>>> print(open('work-v3.cif').read())   # mmCIF, C-alpha atoms
data_final
loop_
_atom_site.group_PDB
_atom_site.id
_atom_site.type_symbol
_atom_site.label_atom_id
_atom_site.label_comp_id
_atom_site.auth_asym_id
_atom_site.auth_seq_id
_atom_site.Cartn_x
_atom_site.Cartn_y
_atom_site.Cartn_z
ATOM 1 C CA MET A 1 15.954 -4.000 28.077
ATOM 2 C CA ASP A 2 18.106 -2.132 25.543
ATOM 3 C CA LEU A 3 15.892 0.024 23.312
ATOM 4 C CA ALA A 4 18.746 1.743 21.450
ATOM 5 C CA GLU A 5 18.472 -0.301 18.246
ATOM 6 C CA LEU A 6 14.677 -0.057 18.291
ATOM 7 C CA ARG A 7 14.880 3.734 18.566
ATOM 8 C CA ALA A 8 17.403 3.924 15.716
ATOM 9 C CA LEU A 9 15.250 1.784 13.415
ATOM 10 C CA LEU A 10 12.105 3.769 14.167
ATOM 11 C CA ALA A 11 13.822 7.134 13.668
ATOM 12 C CA ARG A 12 15.350 6.037 10.362
ATOM 13 C CA HIS A 13 12.180 4.627 8.826
ATOM 14 C CA ALA A 14 9.563 7.074 10.153
ATOM 15 C CA ARG A 15 7.320 8.729 7.546
ATOM 16 C CA PRO A 16 4.853 11.596 8.017
ATOM 17 C CA ASP A 17 1.857 9.292 7.379
ATOM 18 C CA MET A 18 3.203 6.561 9.731
ATOM 19 C CA SER A 19 3.181 3.949 6.944
ATOM 20 C CA THR A 20 5.972 1.453 6.195
ATOM 21 C CA ALA A 21 6.785 -1.036 3.450
ATOM 22 C CA ILE A 22 5.458 -3.831 5.693
ATOM 23 C CA ASP A 23 1.687 -4.201 5.619
ATOM 24 C CA GLY A 24 0.109 -3.477 8.994
ATOM 25 C CA VAL A 25 3.292 -2.014 10.514
ATOM 26 C CA LEU A 26 3.214 1.642 11.569
ATOM 27 C CA ILE A 27 5.900 3.986 12.873
ATOM 28 C CA SER A 28 5.300 7.284 14.644
ATOM 29 C CA LYS A 29 7.826 10.042 15.259
ATOM 30 C CA VAL A 30 6.579 13.121 17.112
ATOM 31 C CA GLU A 31 8.878 16.026 17.916
ATOM 32 C CA ARG A 32 6.708 18.035 20.283
ATOM 33 C CA GLN A 33 4.174 17.530 23.012
ATOM 34 C CA SER A 34 0.724 17.640 21.503
ATOM 35 C CA PRO A 35 -2.644 18.945 22.640
ATOM 36 C CA PRO A 36 -5.314 16.253 23.137
ATOM 37 C CA ALA A 37 -6.617 14.929 19.808
ATOM 38 C CA THR A 38 -9.540 12.595 19.198
ATOM 39 C CA SER A 39 -9.495 9.668 16.810
ATOM 40 C CA MET A 40 -10.273 5.962 16.553
ATOM 41 C CA SER A 41 -7.821 3.601 18.195
ATOM 42 C CA GLY A 42 -7.899 0.842 15.588
ATOM 43 C CA THR A 43 -7.238 -2.755 16.664
ATOM 44 C CA VAL A 44 -3.531 -2.472 17.228
ATOM 45 C CA MET A 45 -0.548 -3.114 19.458
ATOM 46 C CA ALA A 46 1.571 -0.011 20.090
ATOM 47 C CA LEU A 47 5.055 -0.165 21.616
ATOM 48 C CA ILE A 48 6.763 3.036 22.773
ATOM 49 C CA ALA A 49 10.544 3.157 22.322
ATOM 50 C CA GLN A 50 11.061 6.773 23.415
ATOM 51 C CA GLY A 51 8.844 9.389 25.031
ATOM 52 C CA ALA A 52 5.399 8.872 26.541
ATOM 53 C CA LYS A 53 1.755 9.088 25.553
ATOM 54 C CA GLN A 54 -1.540 9.477 27.393
ATOM 55 C CA MET A 55 -4.781 7.982 26.093
ATOM 56 C CA ALA A 56 -8.283 8.602 27.435
ATOM 57 C CA LEU A 57 -11.071 6.101 26.814
ATOM 58 C CA GLY A 58 -14.330 7.173 28.371
ATOM 59 C CA ASP A 59 -13.489 7.820 32.021
ATOM 60 C CA ARG A 60 -10.301 5.744 31.931
ATOM 61 C CA VAL A 61 -6.857 7.238 31.307
ATOM 62 C CA TYR A 62 -3.961 5.081 30.096
ATOM 63 C CA GLU A 63 -0.352 6.223 30.158
ATOM 64 C CA TYR A 64 2.417 4.317 28.426
ATOM 65 C CA ARG A 65 6.074 5.171 28.062
ATOM 66 C CA ALA A 66 9.325 3.785 26.683
ATOM 67 C CA GLY A 67 9.423 0.037 27.189
ATOM 68 C CA GLN A 68 5.660 -0.365 27.513
ATOM 69 C CA TYR A 69 3.036 -1.508 25.031
ATOM 70 C CA LEU A 70 -0.662 -0.868 24.650
ATOM 71 C CA VAL A 71 -3.190 -3.235 23.075
ATOM 72 C CA ALA A 72 -6.476 -1.935 21.649
ATOM 73 C CA SER A 73 -8.614 -5.002 20.914
ATOM 74 C CA VAL A 74 -11.652 -3.008 19.713
ATOM 75 C CA ASP A 75 -11.735 0.053 17.437
ATOM 76 C CA LEU A 76 -12.628 2.705 20.017
ATOM 77 C CA PRO A 77 -13.048 6.508 20.064
ATOM 78 C CA VAL A 78 -10.148 7.830 22.135
ATOM 79 C CA THR A 79 -8.449 11.107 23.019
ATOM 80 C CA GLY A 80 -4.664 11.030 23.099
ATOM 81 C CA ARG A 81 -1.634 13.246 23.467
ATOM 82 C CA PHE A 82 2.127 12.854 23.664
ATOM 83 C CA THR A 83 3.377 13.983 27.070
ATOM 84 C CA ARG A 84 7.102 13.525 26.402
ATOM 85 C CA ALA A 85 8.362 14.599 22.990
ATOM 86 C CA SER A 86 10.827 17.198 21.722
ATOM 87 C CA ALA A 87 12.978 17.922 18.681
ATOM 88 C CA ASP A 88 16.052 16.670 20.556
ATOM 89 C CA MET A 89 14.270 13.576 21.864
ATOM 90 C CA PRO A 90 11.205 12.780 19.730
ATOM 91 C CA ALA A 91 8.584 10.278 20.811
ATOM 92 C CA LEU A 92 9.082 7.069 18.831
ATOM 93 C CA GLY A 93 6.498 4.325 18.558
ATOM 94 C CA PHE A 94 5.890 1.046 16.738
ATOM 95 C CA GLY A 95 2.417 -0.167 15.808
ATOM 96 C CA LEU A 96 1.127 -3.503 14.527
ATOM 97 C CA VAL A 97 -2.447 -3.799 13.275
ATOM 98 C CA LEU A 98 -4.142 -6.834 14.840
ATOM 99 C CA HIS A 99 -6.286 -9.028 12.605
ATOM 100 C CA PRO A 100 -8.786 -11.390 14.312
ATOM 101 C CA PRO A 101 -8.393 -14.204 11.716
ATOM 102 C CA THR A 102 -4.632 -14.388 12.384
ATOM 103 C CA VAL A 103 -5.211 -14.468 16.139
ATOM 104 C CA ALA A 104 -7.826 -17.207 15.660
ATOM 105 C CA GLU A 105 -5.394 -19.248 13.555
ATOM 106 C CA LEU A 106 -2.727 -19.104 16.266
ATOM 107 C CA LEU A 107 -5.268 -20.119 18.901
ATOM 108 C CA LEU A 108 -6.187 -23.178 16.854
ATOM 109 C CA GLN A 109 -2.523 -24.164 16.527
ATOM 110 C CA ALA A 110 -1.774 -23.803 20.238
ATOM 111 C CA ALA A 111 -1.586 -27.027 22.221
ATOM 112 C CA PRO A 112 -3.594 -27.461 25.446
ATOM 113 C CA GLY A 113 -1.785 -25.701 28.260
ATOM 114 C CA ASP A 114 0.266 -23.436 25.983
ATOM 115 C CA LEU A 115 -1.803 -20.366 26.860
ATOM 116 C CA PRO A 116 -2.149 -18.855 30.339
ATOM 117 C CA PRO A 117 -5.601 -18.829 31.969
ATOM 118 C CA VAL A 118 -7.828 -15.786 31.487
ATOM 119 C CA PRO A 119 -10.368 -14.211 33.862
ATOM 120 C CA GLY A 120 -14.026 -14.913 33.212
ATOM 121 C CA THR A 121 -15.015 -11.243 32.976
ATOM 122 C CA ALA A 122 -14.901 -9.255 29.739
ATOM 123 C CA PRO A 123 -11.489 -7.607 29.288
ATOM 124 C CA SER A 124 -11.158 -3.899 28.741
ATOM 125 C CA GLY A 125 -10.843 -2.914 25.092
ATOM 126 C CA MET A 126 -7.562 -1.193 25.960
ATOM 127 C CA VAL A 127 -4.723 -2.460 28.200
ATOM 128 C CA VAL A 128 -1.113 -1.464 28.987
ATOM 129 C CA SER A 129 1.837 -3.625 30.086
ATOM 130 C CA ASP A 130 5.621 -3.594 30.331
ATOM 131 C CA ALA A 131 7.099 -5.131 27.181
ATOM 132 C CA PRO A 132 9.083 -8.348 27.787
ATOM 133 C CA ASP A 133 12.489 -8.698 26.144
ATOM 134 C CA GLU A 134 11.289 -11.361 23.702
ATOM 135 C CA LEU A 135 8.547 -9.048 22.381
ATOM 136 C CA VAL A 136 10.974 -6.155 21.886
ATOM 137 C CA ASP A 137 13.441 -8.506 20.171
ATOM 138 C CA ALA A 138 10.769 -9.685 17.697
ATOM 139 C CA VAL A 139 9.759 -6.092 16.923
ATOM 140 C CA ILE A 140 13.392 -5.185 16.241
ATOM 141 C CA ARG A 141 13.808 -8.145 13.888
ATOM 142 C CA LEU A 142 10.642 -7.152 12.034
ATOM 143 C CA LEU A 143 11.872 -3.567 11.600
ATOM 144 C CA ARG A 144 15.286 -4.760 10.393
ATOM 145 C CA LEU A 145 13.483 -6.167 7.362
ATOM 146 C CA LEU A 146 12.813 -2.588 6.221
ATOM 147 C CA ASP A 147 16.538 -2.479 5.374
ATOM 148 C CA ARG A 148 16.232 -5.747 3.428
ATOM 149 C CA PRO A 149 13.233 -5.279 1.086
ATOM 150 C CA ARG A 150 13.688 -8.613 -0.702
ATOM 151 C CA ASP A 151 13.113 -10.470 2.599
ATOM 152 C CA VAL A 152 9.888 -8.692 3.533
ATOM 153 C CA ALA A 153 7.395 -10.828 1.600
ATOM 154 C CA VAL A 154 8.635 -14.114 3.080
ATOM 155 C CA LEU A 155 9.897 -13.210 6.556
ATOM 156 C CA ALA A 156 7.601 -10.374 7.703
ATOM 157 C CA PRO A 157 4.482 -12.595 8.067
ATOM 158 C CA LEU A 158 6.506 -15.053 10.184
ATOM 159 C CA VAL A 159 7.827 -12.389 12.551
ATOM 160 C CA LYS A 160 4.382 -10.762 12.840
ATOM 161 C CA ARG A 161 2.976 -14.138 13.908
ATOM 162 C CA GLU A 162 5.768 -14.405 16.486
ATOM 163 C CA ILE A 163 4.832 -10.990 17.886
ATOM 164 C CA LEU A 164 1.187 -12.068 18.112
ATOM 165 C CA TRP A 165 2.235 -15.256 19.887
ATOM 166 C CA HIS A 166 4.178 -13.254 22.493
ATOM 167 C CA LEU A 167 1.054 -11.120 23.024
ATOM 168 C CA LEU A 168 -1.136 -14.209 23.357
ATOM 169 C CA THR A 169 1.178 -15.779 25.920
ATOM 170 C CA GLY A 170 1.894 -12.542 27.755
ATOM 171 C CA GLU A 171 0.307 -10.508 30.499
ATOM 172 C CA GLN A 172 -2.555 -9.243 28.314
ATOM 173 C CA THR A 173 -3.508 -12.621 26.874
ATOM 174 C CA GLY A 174 -7.180 -12.078 27.735
ATOM 175 C CA ALA A 175 -7.626 -8.987 25.569
ATOM 176 C CA VAL A 176 -5.675 -10.423 22.634
ATOM 177 C CA ARG A 177 -7.167 -13.918 22.818
ATOM 178 C CA GLN A 178 -10.762 -12.709 22.799
ATOM 179 C CA LEU A 179 -9.991 -10.766 19.618
ATOM 180 C CA GLY A 180 -9.757 -14.112 17.814
ATOM 181 C CA LEU A 181 -12.654 -15.944 19.492
ATOM 182 C CA ALA A 182 -15.917 -15.743 17.574
ATOM 183 C CA ASP A 183 -17.992 -16.428 20.701
ATOM 184 C CA SER A 184 -16.132 -14.235 23.215
ATOM 185 C CA SER A 185 -17.799 -11.414 25.106
ATOM 186 C CA LEU A 186 -15.414 -9.016 23.375
ATOM 187 C CA SER A 187 -16.490 -10.267 19.938
ATOM 188 C CA HIS A 188 -20.151 -9.785 20.897
ATOM 189 C CA VAL A 189 -19.443 -6.209 21.968
ATOM 190 C CA ALA A 190 -17.352 -5.647 18.823
ATOM 191 C CA ARG A 191 -20.406 -6.632 16.768
ATOM 192 C CA ALA A 192 -22.393 -3.840 18.411
ATOM 193 C CA VAL A 193 -19.474 -1.419 18.024
ATOM 194 C CA ARG A 194 -19.348 -2.105 14.295
ATOM 195 C CA TRP A 195 -23.106 -1.583 13.980
ATOM 196 C CA ILE A 196 -22.917 1.778 15.756
ATOM 197 C CA ARG A 197 -19.989 2.859 13.591
ATOM 198 C CA ASP A 198 -21.794 1.848 10.394
ATOM 199 C CA HIS A 199 -25.131 3.406 11.447
ATOM 200 C CA TYR A 200 -23.976 6.253 13.690
ATOM 201 C CA ALA A 201 -26.639 8.648 12.370
ATOM 202 C CA GLN A 202 -29.480 6.286 13.339
ATOM 203 C CA SER A 203 -31.144 6.159 16.726
ATOM 204 C CA PHE A 204 -31.339 2.780 18.442
ATOM 205 C CA ARG A 205 -32.608 1.007 21.535
ATOM 206 C CA VAL A 206 -30.150 -0.790 23.791
ATOM 207 C CA GLU A 207 -32.277 -3.940 23.746
ATOM 208 C CA GLU A 208 -31.978 -4.010 19.937
ATOM 209 C CA LEU A 209 -28.168 -3.910 20.155
ATOM 210 C CA ALA A 210 -28.236 -6.588 22.855
ATOM 211 C CA ARG A 211 -30.289 -8.829 20.577
ATOM 212 C CA LEU A 212 -27.894 -8.160 17.689
ATOM 213 C CA SER A 213 -24.990 -9.121 19.945
ATOM 214 C CA GLY A 214 -26.653 -12.311 21.145
ATOM 215 C CA MET A 215 -26.728 -11.246 24.796
ATOM 216 C CA SER A 216 -29.326 -10.338 27.388
ATOM 217 C CA GLU A 217 -29.805 -6.603 27.835
ATOM 218 C CA SER A 218 -28.176 -6.569 31.290
ATOM 219 C CA ALA A 219 -25.198 -8.695 30.169
ATOM 220 C CA PHE A 220 -24.743 -6.605 27.041
ATOM 221 C CA TYR A 221 -24.766 -3.306 28.922
ATOM 222 C CA ARG A 222 -22.327 -4.647 31.535
ATOM 223 C CA ASN A 223 -19.912 -6.039 28.935
ATOM 224 C CA PHE A 224 -20.154 -2.969 26.694
ATOM 225 C CA GLN A 225 -19.198 -0.748 29.629
ATOM 226 C CA ALA A 226 -16.327 -3.074 30.578
ATOM 227 C CA VAL A 227 -14.868 -3.097 27.061
ATOM 228 C CA THR A 228 -15.444 0.507 25.954
ATOM 229 C CA ALA A 229 -15.575 2.397 29.291
ATOM 230 C CA MET A 230 -18.780 4.113 28.166
ATOM 231 C CA SER A 231 -22.446 3.469 27.531
ATOM 232 C CA PRO A 232 -23.691 2.632 24.017
ATOM 233 C CA ILE A 233 -25.360 6.066 23.745
ATOM 234 C CA ARG A 234 -22.184 7.889 24.785
ATOM 235 C CA PHE A 235 -20.169 5.731 22.389
ATOM 236 C CA GLN A 236 -22.474 6.735 19.523
ATOM 237 C CA LYS A 237 -22.090 10.401 20.461
ATOM 238 C CA GLN A 238 -18.295 10.103 20.284
ATOM 239 C CA ILE A 239 -18.524 8.517 16.824
ATOM 240 C CA ARG A 240 -20.969 11.177 15.600
ATOM 241 C CA LEU A 241 -18.714 14.014 16.719
ATOM 242 C CA GLN A 242 -15.598 12.488 15.169
ATOM 243 C CA GLU A 243 -17.410 11.931 11.869
ATOM 244 C CA ALA A 244 -18.720 15.491 12.004
ATOM 245 C CA ARG A 245 -15.190 16.781 12.435
ATOM 246 C CA LEU A 246 -14.084 14.926 9.321
ATOM 247 C CA LEU A 247 -17.043 16.269 7.342
ATOM 248 C CA LEU A 248 -16.387 19.847 8.459
ATOM 249 C CA THR A 249 -12.921 19.805 6.910
ATOM 250 C CA THR A 250 -14.609 19.611 3.489
ATOM 251 C CA HIS A 251 -17.861 21.453 4.367
ATOM 252 C CA PRO A 252 -16.642 24.168 6.787
ATOM 253 C CA HIS A 253 -19.565 26.539 6.130
ATOM 254 C CA ASP A 254 -22.361 23.980 6.509
ATOM 255 C CA VAL A 255 -22.496 23.313 10.246
ATOM 256 C CA THR A 256 -26.263 22.761 10.149
ATOM 257 C CA GLY A 257 -26.040 20.299 7.277
ATOM 258 C CA VAL A 258 -23.192 18.385 8.901
ATOM 259 C CA SER A 259 -25.031 18.156 12.212
ATOM 260 C CA ALA A 260 -28.038 16.646 10.428
ATOM 261 C CA ARG A 261 -25.891 14.193 8.451
ATOM 262 C CA VAL A 262 -24.392 12.730 11.632
ATOM 263 C CA GLY A 263 -27.781 12.361 13.307
ATOM 264 C CA TYR A 264 -28.411 15.545 15.310
ATOM 265 C CA GLU A 265 -31.900 17.028 15.135
ATOM 266 C CA SER A 266 -30.831 20.221 16.902
ATOM 267 C CA PRO A 267 -27.899 22.250 15.481
ATOM 268 C CA SER A 268 -27.560 24.097 18.775
ATOM 269 C CA GLN A 269 -27.205 20.820 20.695
ATOM 270 C CA PHE A 270 -24.644 19.691 18.136
ATOM 271 C CA SER A 271 -22.629 22.883 18.577
ATOM 272 C CA ARG A 272 -22.715 22.580 22.376
ATOM 273 C CA GLU A 273 -21.557 18.969 22.353
ATOM 274 C CA TYR A 274 -18.955 19.637 19.657
ATOM 275 C CA ARG A 275 -17.440 22.467 21.682
ATOM 276 C CA ARG A 276 -17.447 20.309 24.817
ATOM 277 C CA GLN A 277 -15.617 17.559 22.925
ATOM 278 C CA PHE A 278 -13.091 19.571 20.911
ATOM 279 C CA GLY A 279 -12.785 22.792 22.922
ATOM 280 C CA VAL A 280 -13.930 25.162 20.165
ATOM 281 C CA PRO A 281 -17.161 25.727 18.167
ATOM 282 C CA PRO A 282 -17.581 23.705 14.938
ATOM 283 C CA ARG A 283 -17.025 26.600 12.539
ATOM 284 C CA GLU A 284 -13.872 27.760 14.305
ATOM 285 C CA ASP A 285 -12.498 24.237 14.444
ATOM 286 C CA ALA A 286 -13.266 23.706 10.751
ATOM 287 C CA ALA A 287 -11.317 26.849 9.822
ATOM 288 C CA ARG A 288 -8.345 25.657 11.869
ATOM 289 C CA LEU A 289 -8.415 22.166 10.362
ATOM 290 C CA ARG A 290 -8.949 23.236 6.749
ATOM 291 C CA GLY A 291 -6.309 21.533 4.614
ATOM 292 C CA THR A 292 -5.237 19.278 7.473
ATOM 293 C CA ALA A 293 -8.092 16.788 7.721
ATOM 294 C CA PRO A 294 -7.855 14.372 10.668
ATOM 295 C CA GLY A 295 -6.445 11.061 9.544
ATOM 296 C CA ARG A 296 -7.778 7.531 9.907
ATOM 297 C CA VAL A 297 -4.532 6.016 11.165
ATOM 298 C CA PRO A 298 -4.724 4.403 14.628
ATOM 299 C CA ALA A 299 -4.441 6.987 17.361
ATOM 300 C CA VAL A 300 -2.547 4.899 19.889
ATOM 301 C CA VAL A 301 0.782 4.574 18.012
#
>>> encode(input="work-v3.cif", output="structure tokens")
Amino acid sequence: MDLAELRALLARHARPDMSTAIDGVLISKVERQSPPATSMSGTVMALIAQGAKQMALGDRVYEYRAGQYLVASVDLPVTGRFTRASADMPALGFGLVLHPPTVAELLLQAAPGDLPPVPGTAPSGMVVSDAPDELVDAVIRLLRLLDRPRDVAVLAPLVKREILWHLLTGEQTGAVRQLGLADSSLSHVARAVRWIRDHYAQSFRVEELARLSGMSESAFYRNFQAVTAMSPIRFQKQIRLQEARLLLTTHPHDVTGVSARVGYESPSQFSREYRRQFGVPPREDAARLRGTAPGRVPAVV
């Protein structure tokens, strides 16, 4: 595939905050290799046009490079870094936020036999594939609209639906399709993920989350591990530490208070786990991050 036009469009329209004039479309431009950084993945498709990125989810490591795309079908705590990026050849990426209602609508419109079969097991919440030419072509046509603002309102939704359709009929159909199915194993796990994110400071029992998700305890634990690559308790710990990092950018001298707000009873345990996660103690990290608070944009783009 020829990625030259895609690279030119991304380089021309890249902004520091990754936003664009098209809702749900993100552009990243990174001019140096980066140390590992933690964030939430978002539910997003990310296509790399130049450079390469590495993403760790639990014990799994995903690498994607120019001409490949990644799908995150659940909002997951990840650690990522660009492995190929320089001022002369920056890493360039396109991102499209995935909305379950739009996926569900396309599934309802599809005729029997239009979609490839999917395995019966729960898909991983993160997958990587080579991008087919038709997907790259649709992305290019969507980005061209940034040069024609009057066409965005009418044409952008149509091209975004085309991109979703290529994802649904492509190699990673399982992960994308389950995003739009209300009764899929992924949607059940996503329900538990949302609860943990909304109540990260609260303790819980796995059987309670299983009941909330409408699954037996054994099925829930198995599917949660398959989707997120970690246990529910470890997932909660990742969320707590990321929220603590955000809080410390505005409360850098209150490590004890922040640890309590995110659910830790022991400040010393919090400091140990924080240092294990981010490589430095909370107070030192807060001083380094002051004025540059971690963002909420998807980490995979």
>>> residues_around(input="work-v3.cif", residues="range 191-196 of chain A", least_positions_apart="6", cutoff="9 Å", atoms="all atoms listed in the file", output="PyMOL selection string")
chain A and resi 74-76+202+204+209-210+212-213+224+232+235-236+239
>>> closest_residue(input="work-v3.cif", among="A:Lys29, A:Arg222, A:Arg144, A:Arg211", to="Leu6 in chain A", atoms="only C-alpha atoms")
A:Arg144
>>> residues_around(input="work-v3.cif", residues="Leu181 in chain A", least_positions_apart="2", cutoff="10 Å", atoms="all atoms listed in the file", output="PyMOL selection string")
chain A and resi 100-101+103-105+107+176-179+183-188
>>> resolve_selection(input="work-v3.cif", expression="the PyMOL selection byres ((chain A and resi 56) around 6)", output="PDB file with C-alpha atoms, keeping the file's coordinate frame")
ATOM      1  CA  MET A  55      -4.781   7.982  26.093  1.00  0.00           C
ATOM      2  CA  LEU A  57     -11.071   6.101  26.814  1.00  0.00           C
ATOM      3  CA  ARG A  60     -10.301   5.744  31.931  1.00  0.00           C
ATOM      4  CA  VAL A  61      -6.857   7.238  31.307  1.00  0.00           C
ATOM      5  CA  VAL A  78     -10.148   7.830  22.135  1.00  0.00           C
ATOM      6  CA  THR A  79      -8.449  11.107  23.019  1.00  0.00           C
TER       7      THR A  79
END
>>> closest_atom_pairs(input="work-v3.cif", of="range 165-278 of chain A", to="range 35-49 of chain A", cutoff="12 Å", atoms="all atoms listed in the file", output="Markdown table")
| residue | atom | partner | partner_atom | distance |
| --- | --- | --- | --- | --- |
| A:His166 | CA | A:Met45 | CA | 11.6 |
| A:Leu167 | CA | A:Met45 | CA | 8.9 |
| A:Leu168 | CA | A:Met45 | CA | 11.8 |
| A:Gln172 | CA | A:Met45 | CA | 11.0 |
| A:Ala175 | CA | A:Thr43 | CA | 10.9 |
| A:Val176 | CA | A:Met45 | CA | 9.5 |
| A:Leu179 | CA | A:Thr43 | CA | 9.0 |
| A:Gly180 | CA | A:Thr43 | CA | 11.7 |
| A:Ala190 | CA | A:Thr43 | CA | 10.7 |
| A:Val193 | CA | A:Met40 | CA | 11.9 |
| A:Arg194 | CA | A:Gly42 | CA | 11.9 |
| A:Arg197 | CA | A:Met40 | CA | 10.6 |
| A:Thr228 | CA | A:Ser41 | CA | 11.3 |
| A:Phe235 | CA | A:Met40 | CA | 11.5 |
| A:Gln238 | CA | A:Thr38 | CA | 9.2 |
| A:Ile239 | CA | A:Met40 | CA | 8.6 |
| A:Arg240 | CA | A:Ser39 | CA | 11.6 |
| A:Leu241 | CA | A:Thr38 | CA | 9.6 |
| A:Gln242 | CA | A:Ser39 | CA | 6.9 |
| A:Glu243 | CA | A:Ser39 | CA | 9.6 |
| A:Ala244 | CA | A:Ser39 | CA | 11.9 |
| A:Arg245 | CA | A:Thr38 | CA | 9.8 |
| A:Leu246 | CA | A:Ser39 | CA | 10.2 |
| A:Tyr274 | CA | A:Thr38 | CA | 11.8 |
| A:Gln277 | CA | A:Thr38 | CA | 8.7 |
| A:Phe278 | CA | A:Thr38 | CA | 8.0 |
>>> closest_residue(input="work-v3.cif", among="A:Gly170, A:Gly24, A:Gly58, A:Gly93", to="Val301 in chain A", atoms="all atoms listed in the file")
A:Gly93
>>> atom_distance(input="work-v3.cif", atom1="CA of Gln33 in chain A", atom2="CA of His13 in chain A")
20.8 Å
>>> residues_around(input="work-v3.cif", residues="Asp133 in chain A", least_positions_apart="6", cutoff="10 Å", atoms="all atoms listed in the file", output="list in words")
Met1, Asp2, Leu3, Gly67 and Val139 of chain A
>>> write_last_selection(input="work-v3.cif", atoms="C-alpha atoms", output="mmCIF file, in the frame of the given file")
data_model
loop_
_atom_site.group_PDB
_atom_site.id
_atom_site.type_symbol
_atom_site.label_atom_id
_atom_site.label_comp_id
_atom_site.auth_asym_id
_atom_site.auth_seq_id
_atom_site.Cartn_x
_atom_site.Cartn_y
_atom_site.Cartn_z
ATOM 1 C CA MET A 1 15.954 -4.000 28.077
ATOM 2 C CA ASP A 2 18.106 -2.132 25.543
ATOM 3 C CA LEU A 3 15.892 0.024 23.312
ATOM 4 C CA GLY A 67 9.423 0.037 27.189
ATOM 5 C CA VAL A 139 9.759 -6.092 16.923
#
>>> atom_distance(input="work-v3.cif", atom1="CA of Ala14 in chain A", atom2="CA of Ser28 in chain A")
6.2 Å
>>> atom_distance(input="work-v3.cif", atom1="CA of Leu96 in chain A", atom2="CA of Val25 in chain A")
4.8 Å
>>> closest_residue(input="work-v3.cif", among="A:Ser86, A:Gln109, A:Ser203, A:Gln50", to="Val262 in chain A", atoms="only C-alpha atoms")
A:Ser203
>>> resolve_selection(input="work-v3.cif", expression="the PyMOL selection byres ((chain A and resi 30) around 6)", output="list in words")
Lys29, Glu31, Arg32, Pro90 and Ala91 of chain A
>>> closest_residue(input="work-v3.cif", among="A:Asp59, A:Asp285, A:Asp114, A:Glu162", to="His251 in chain A", atoms="only C-alpha atoms")
A:Asp285
>>> resolve_selection(input="work-v3.cif", expression="the PyMOL selection byres ((chain A and resi 255) around 10)", output="ChimeraX atom specification")
/A:244,247-248,251-254,256-261,267-268,270-271,281-283,286
>>> write_last_selection(input="work-v3.cif", atoms="C-alpha atoms", output="compact mmCIF listing (two decimals), in the frame of the given file")
# COMPACT_ATOMS: atom_id res chain seq x y z
CA ALA A 244 -18.72 15.49 12.00
CA LEU A 247 -17.04 16.27 7.34
CA LEU A 248 -16.39 19.85 8.46
CA HIS A 251 -17.86 21.45 4.37
CA PRO A 252 -16.64 24.17 6.79
CA HIS A 253 -19.57 26.54 6.13
CA ASP A 254 -22.36 23.98 6.51
CA THR A 256 -26.26 22.76 10.15
CA GLY A 257 -26.04 20.30 7.28
CA VAL A 258 -23.19 18.39 8.90
CA SER A 259 -25.03 18.16 12.21
CA ALA A 260 -28.04 16.65 10.43
CA ARG A 261 -25.89 14.19 8.45
CA PRO A 267 -27.90 22.25 15.48
CA SER A 268 -27.56 24.10 18.77
CA PHE A 270 -24.64 19.69 18.14
CA SER A 271 -22.63 22.88 18.58
CA PRO A 281 -17.16 25.73 18.17
CA PRO A 282 -17.58 23.70 14.94
CA ARG A 283 -17.02 26.60 12.54
CA ALA A 286 -13.27 23.71 10.75
>>> residues_around(input="work-v3.cif", residues="Glu171 in chain A", least_positions_apart="3", cutoff="12 Å", atoms="only C-alpha atoms", output="ChimeraX atom specification")
/A:68-71,115-119,127-132,135,165-168,174-177
>>> closest_residue(input="work-v3.cif", among="A:Gly279, A:Ala8, A:Arg234, A:Ala229", to="Pro123 in chain A", atoms="only C-alpha atoms")
A:Ala229
>>> closest_residue(input="work-v3.cif", among="A:Ala226, A:Asp17, A:Ile22, A:Glu5", to="Leu145 in chain A", atoms="only C-alpha atoms")
A:Ile22
>>> axis_aligned_box(input="work-v3.cif", around="range 246-259 of chain A", padding_each_side="8 Å", output="JSON")
{"center_x": -19.6, "center_y": 20.7, "center_z": 7.9, "size_x": 29.3, "size_y": 27.6, "size_z": 24.7}
>>> decode(input="work-v3.cif", residues="range 177-183 of chain A", atoms="N, CA and C atoms", output="PDB file, in the first residue's frame")
ATOM      1  N   ARG A 177     -17.133  -6.443  16.427  1.00  0.00           N
ATOM      2  CA  ARG A 177     -18.544  -6.813  16.440  1.00  0.00           C
ATOM      3  C   ARG A 177     -19.094  -6.878  17.864  1.00  0.00           C
ATOM      4  N   GLN A 178     -18.313  -7.463  18.774  1.00  0.00           N
ATOM      5  CA  GLN A 178     -18.815  -7.599  20.141  1.00  0.00           C
ATOM      6  C   GLN A 178     -18.987  -6.248  20.829  1.00  0.00           C
ATOM      7  N   LEU A 179     -18.283  -5.228  20.309  1.00  0.00           N
ATOM      8  CA  LEU A 179     -18.445  -3.879  20.861  1.00  0.00           C
ATOM      9  C   LEU A 179     -19.884  -3.399  20.709  1.00  0.00           C
ATOM     10  N   GLY A 180     -20.571  -3.869  19.642  1.00  0.00           N
ATOM     11  CA  GLY A 180     -21.928  -3.406  19.394  1.00  0.00           C
ATOM     12  C   GLY A 180     -23.018  -4.369  19.818  1.00  0.00           C
ATOM     13  N   LEU A 181     -22.654  -5.509  20.406  1.00  0.00           N
ATOM     14  CA  LEU A 181     -23.646  -6.503  20.818  1.00  0.00           C
ATOM     15  C   LEU A 181     -23.916  -6.384  22.305  1.00  0.00           C
ATOM     16  N   ALA A 182     -25.158  -6.103  22.642  1.00  0.00           N
ATOM     17  CA  ALA A 182     -25.505  -5.877  24.059  1.00  0.00           C
ATOM     18  C   ALA A 182     -25.324  -7.122  24.898  1.00  0.00           C
ATOM     19  N   ASP A 183     -25.396  -8.315  24.286  1.00  0.00           N
ATOM     20  CA  ASP A 183     -25.329  -9.552  25.068  1.00  0.00           C
ATOM     21  C   ASP A 183     -24.029 -10.316  24.832  1.00  0.00           C
TER      22      ASP A 183
END
